[in-house]
Structures are given as structure tokens and as C-alpha cells.
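Listing of protein.cif, mmCIF, C-alpha atoms; chains and numbers go by the auth columns
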```cif
data_input
loop_
_atom_site.group_PDB
_atom_site.id
_atom_site.type_symbol
_atom_site.label_atom_id
_atom_site.label_comp_id
_atom_site.label_asym_id
_atom_site.label_seq_id
_atom_site.Cartn_x
_atom_site.Cartn_y
_atom_site.Cartn_z
_atom_site.B_iso_or_equiv
_atom_site.auth_seq_id
_atom_site.auth_asym_id
ATOM 1 C CA MET A 1 37.262 23.573 -62.875 0.00 23 N
ATOM 2 C CA ALA A 2 34.101 25.640 -63.204 0.00 24 N
ATOM 3 C CA VAL A 3 32.458 24.236 -60.049 0.00 25 N
ATOM 4 C CA SER A 4 34.385 24.017 -56.805 0.00 26 N
ATOM 5 C CA THR A 5 33.263 23.146 -53.298 0.00 27 N
ATOM 6 C CA ASN A 6 34.493 23.804 -49.816 0.00 28 N
ATOM 7 C CA PHE A 7 32.953 21.866 -46.927 0.00 29 N
ATOM 8 C CA SER A 8 33.342 23.108 -43.370 0.00 30 N
ATOM 9 C CA GLU A 9 32.305 20.614 -40.704 0.00 31 N
ATOM 10 C CA GLU A 10 32.939 23.231 -38.027 0.00 32 N
ATOM 11 C CA ASN A 11 30.626 25.843 -39.576 0.00 33 N
ATOM 12 C CA LYS A 12 28.188 23.237 -40.921 0.00 34 N
ATOM 13 C CA GLN A 13 28.315 24.724 -44.394 0.00 35 N
ATOM 14 C CA MET A 14 28.995 23.677 -47.951 0.00 36 N
ATOM 15 C CA ILE A 15 30.189 26.493 -50.206 0.00 37 N
ATOM 16 C CA ILE A 16 29.694 25.875 -53.918 0.00 38 N
ATOM 17 C CA MET A 17 31.474 28.330 -56.196 0.00 39 N
ATOM 18 C CA ILE A 18 30.693 28.721 -59.899 0.00 40 N
ATOM 19 C CA GLU A 19 33.400 30.252 -62.090 0.00 41 N
ATOM 20 C CA ASP A 20 32.637 32.150 -65.301 0.00 42 N
ATOM 21 C CA ARG A 21 29.590 30.497 -66.976 0.00 43 N
ATOM 22 C CA PHE A 22 26.726 28.760 -65.206 0.00 44 N
ATOM 23 C CA ASP A 23 24.782 26.867 -67.847 0.00 45 N
ATOM 24 C CA PHE A 24 23.590 23.364 -68.727 0.00 46 N
ATOM 25 C CA SER A 25 27.115 22.156 -69.468 0.00 47 N
ATOM 26 C CA LEU A 26 27.720 22.209 -65.680 0.00 48 N
ATOM 27 C CA HIS A 27 24.608 20.199 -64.805 0.00 49 N
ATOM 28 C CA GLN A 28 26.297 16.950 -63.744 0.00 50 N
ATOM 29 C CA GLN A 29 29.271 18.633 -62.109 0.00 51 N
ATOM 30 C CA PHE A 30 26.972 20.971 -60.158 0.00 52 N
ATOM 31 C CA ARG A 31 24.723 18.157 -58.943 0.00 53 N
ATOM 32 C CA ASP A 32 27.714 16.033 -57.934 0.00 54 N
ATOM 33 C CA SER A 33 29.109 18.953 -55.927 0.00 55 N
ATOM 34 C CA TYR A 34 26.233 18.973 -53.439 0.00 56 N
ATOM 35 C CA SER A 35 24.778 15.466 -53.589 0.00 57 N
ATOM 36 C CA GLN A 36 27.949 13.991 -52.096 0.00 58 N
ATOM 37 C CA CYS A 37 27.203 15.614 -48.735 0.00 59 N
ATOM 38 C CA VAL A 38 23.913 14.711 -47.073 0.00 60 N
ATOM 39 C CA ASP A 39 24.356 16.219 -43.608 0.00 61 N
ATOM 40 C CA LYS A 40 21.243 17.492 -41.869 0.00 62 N
ATOM 41 C CA ASN A 41 21.025 21.182 -40.933 0.00 63 N
ATOM 42 C CA LEU A 42 23.795 22.142 -43.312 0.00 64 N
ATOM 43 C CA ASN A 43 23.943 25.608 -44.846 0.00 65 N
ATOM 44 C CA TYR A 44 24.463 25.437 -48.599 0.00 66 N
ATOM 45 C CA ILE A 45 26.061 28.634 -49.873 0.00 67 N
ATOM 46 C CA LEU A 46 26.076 29.187 -53.619 0.00 68 N
ATOM 47 C CA ASP A 47 28.848 31.707 -54.248 0.00 69 N
ATOM 48 C CA LEU A 48 28.207 33.491 -57.543 0.00 70 N
ATOM 49 C CA SER A 49 30.829 36.211 -57.071 0.00 71 N
ATOM 50 C CA ARG A 50 32.879 34.835 -59.991 0.00 72 N
ATOM 51 C CA THR A 51 29.927 33.935 -62.201 0.00 73 N
ATOM 52 C CA LYS A 52 29.773 36.177 -65.263 0.00 74 N
ATOM 53 C CA TYR A 53 26.906 34.498 -67.116 0.00 75 N
ATOM 54 C CA MET A 54 23.992 32.233 -66.273 0.00 76 N
ATOM 55 C CA ASP A 55 21.052 30.980 -68.290 0.00 77 N
ATOM 56 C CA SER A 56 17.619 29.552 -67.514 0.00 78 N
ATOM 57 C CA SER A 57 18.995 26.049 -66.968 0.00 79 N
ATOM 58 C CA ALA A 58 21.139 27.481 -64.155 0.00 80 N
ATOM 59 C CA LEU A 59 17.960 28.798 -62.520 0.00 81 N
ATOM 60 C CA GLY A 60 16.524 25.288 -62.675 0.00 82 N
ATOM 61 C CA MET A 61 19.682 23.826 -61.162 0.00 83 N
ATOM 62 C CA ILE A 62 19.507 26.329 -58.301 0.00 84 N
ATOM 63 C CA LEU A 63 15.910 25.260 -57.619 0.00 85 N
ATOM 64 C CA LEU A 64 17.015 21.611 -57.550 0.00 86 N
ATOM 65 C CA LEU A 65 19.710 22.515 -55.020 0.00 87 N
ATOM 66 C CA LYS A 66 17.115 24.373 -52.933 0.00 88 N
ATOM 67 C CA ASP A 67 14.831 21.314 -52.955 0.00 89 N
ATOM 68 C CA PHE A 68 17.754 19.062 -52.001 0.00 90 N
ATOM 69 C CA ALA A 69 18.688 21.348 -49.118 0.00 91 N
ATOM 70 C CA GLU A 70 15.118 21.499 -47.821 0.00 92 N
ATOM 71 C CA MET A 71 14.775 17.693 -47.978 0.00 93 N
ATOM 72 C CA ASN A 72 17.764 17.529 -45.631 0.00 94 N
ATOM 73 C CA ALA A 73 16.487 20.176 -43.187 0.00 95 N
ATOM 74 C CA SER A 74 19.044 22.594 -44.600 0.00 96 N
ATOM 75 C CA LYS A 75 18.880 25.976 -46.263 0.00 97 N
ATOM 76 C CA LEU A 76 20.340 27.624 -49.346 0.00 98 N
ATOM 77 C CA VAL A 77 21.860 31.094 -49.519 0.00 99 N
ATOM 78 C CA ILE A 78 23.044 32.739 -52.739 0.00 100 N
ATOM 79 C CA ARG A 79 26.076 34.893 -52.104 0.00 101 N
ATOM 80 C CA LYS A 80 27.483 37.910 -53.978 0.00 102 N
ATOM 81 C CA PRO A 81 25.942 37.717 -57.453 0.00 103 N
ATOM 82 C CA ASN A 82 27.319 40.375 -59.784 0.00 104 N
ATOM 83 C CA GLU A 83 24.982 42.966 -61.285 0.00 105 N
ATOM 84 C CA THR A 84 24.128 40.936 -64.400 0.00 106 N
ATOM 85 C CA VAL A 85 23.496 37.692 -62.531 0.00 107 N
ATOM 86 C CA ASN A 86 21.547 39.513 -59.822 0.00 108 N
ATOM 87 C CA LYS A 87 19.280 41.028 -62.469 0.00 109 N
ATOM 88 C CA ILE A 88 18.455 37.522 -63.746 0.00 110 N
ATOM 89 C CA LEU A 89 17.733 36.353 -60.188 0.00 111 N
ATOM 90 C CA GLU A 90 15.483 39.390 -59.612 0.00 112 N
ATOM 91 C CA ILE A 91 13.522 38.812 -62.818 0.00 113 N
ATOM 92 C CA ALA A 92 12.995 35.185 -61.753 0.00 114 N
ATOM 93 C CA GLN A 93 11.979 36.491 -58.288 0.00 115 N
ATOM 94 C CA PHE A 94 14.425 34.206 -56.504 0.00 116 N
ATOM 95 C CA HIS A 95 14.569 36.695 -53.629 0.00 117 N
ATOM 96 C CA ARG A 96 11.118 35.390 -52.681 0.00 118 N
ATOM 97 C CA LEU A 97 12.374 31.802 -52.563 0.00 119 N
ATOM 98 C CA MET A 98 15.744 32.095 -50.846 0.00 120 N
ATOM 99 C CA THR A 99 18.166 34.502 -49.218 0.00 121 N
ATOM 100 C CA ILE A 100 20.433 36.453 -51.561 0.00 122 N
ATOM 101 C CA GLU A 101 23.398 38.141 -49.879 0.00 123 N
ATOM 102 C CA HIS A 102 24.997 41.027 -51.767 0.00 124 N
#
```

Please, can you express the file's structure as C-alpha cells?
Amino acid sequence: MAVSTNFSEENKQMIIMIEDRFDFSLHQQFRDSYSQCVDKNLNYILDLSRTKYMDSSALGMILLLKDFAEMNASKLVIRKPNETVNKILEIAQFHRLMTIEH
């Protein structure tokens, strides 16, 4: 499975991990991974440590997740993007929109 989730009630966080490729083929699976949990004040963590490739549709999906989180008084953090993925995030200036942890 290319998208996996781990919900922690105790830590109030939803970790979404993307394996290998993050592109349009994951659109429905990605949206389903976070839309199932609508808790207020939840931290959404997008773990990109195992993501080797992402395209522009992935950037759009991340923005949709950010909007979803903000609608629910939550926040989004991108965690551990590799060098290639981080370069894409930098070019898109995502560091201005959300926290990126390296």
C-alpha cells in the first residue's frame, strides 16, 4: 500500500506516510486517508521520508490536506522529505505555507 496512516488519540495526531511515488494515481487513497478522521485540533503529519518521487498533482493534494486541516482547527506538518522531494517543496515555496521538519 502506497499510503498508510497511523492515528494516535493520545498524541492527537494523524501520521500519513507515502511510499515510493506520490502522484495523481494516489489521489483517492490519499484523500480517504485523512478525511476519515475529523477531530478538531489534530496534528496532521505527512511523512515523506520514504517518498522517492512526487509531481505537481502531489503538491495540489498537499494543499487540499492543508485546507482540510485548517477547516478543522488543525495543522499540517511535512516530515523528513528526502533531498529531491525537498527541492520540489522549496521551489513551490511550501515552507512559507506550512512547517517542514527535516

Practice task
Check the smallest atom-to-atom distance from each of N:Leu48, N:Ser78, N:Leu85, N:Ser96 to Met36 (chain N) using all atoms listed in the file, then report the winner.
Solution key: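 Closest residue, counting all atoms listed in the file: N:Ser96.
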
Exercise for the section: Point out the residue among N:His117, N:Lys102, N:Lys97, N:His49 with the least atom-to-atom distance to Ser79 (chain N), counting only C-alpha atoms. Expected result: N:His49

Exercise for the section: Please provide as a ChimeraX atom specification all residues within 9 Å of Ser71 (chain N), with the sequence filter that same-chain residues fewer than 6 positions apart are discarded (counting all atoms listed in the file). Expected result: /N:39-41,101-104

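For the residues N:Thr121, N:Thr73, N:Asn94, N:Gln58, ranking by smallest atom-to-atom distance to Phe29 (chain N) using all atoms listed in the file places N:Gln58 first.
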
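Contact shell of Asn65 (chain N) at 12 Å (all atoms listed in the file; same-chain neighbours under 5 positions omitted): Asn28, Phe29, Ser30, Glu31, Glu32, Asn33, Lys34, Gln35, Met36, Ile37, Ile38, Tyr56, Cys59, Val60, Leu87, Lys88, Phe90, Ala91, Glu92, Asn94, Ala95, Ser96, Lys97, Leu98, Val99, Ile100, Arg101 and Thr121 of chain N.
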
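Between CA of Ile84 (chain N) and CA of Phe116 (chain N) lies a distance of 9.5 Å.
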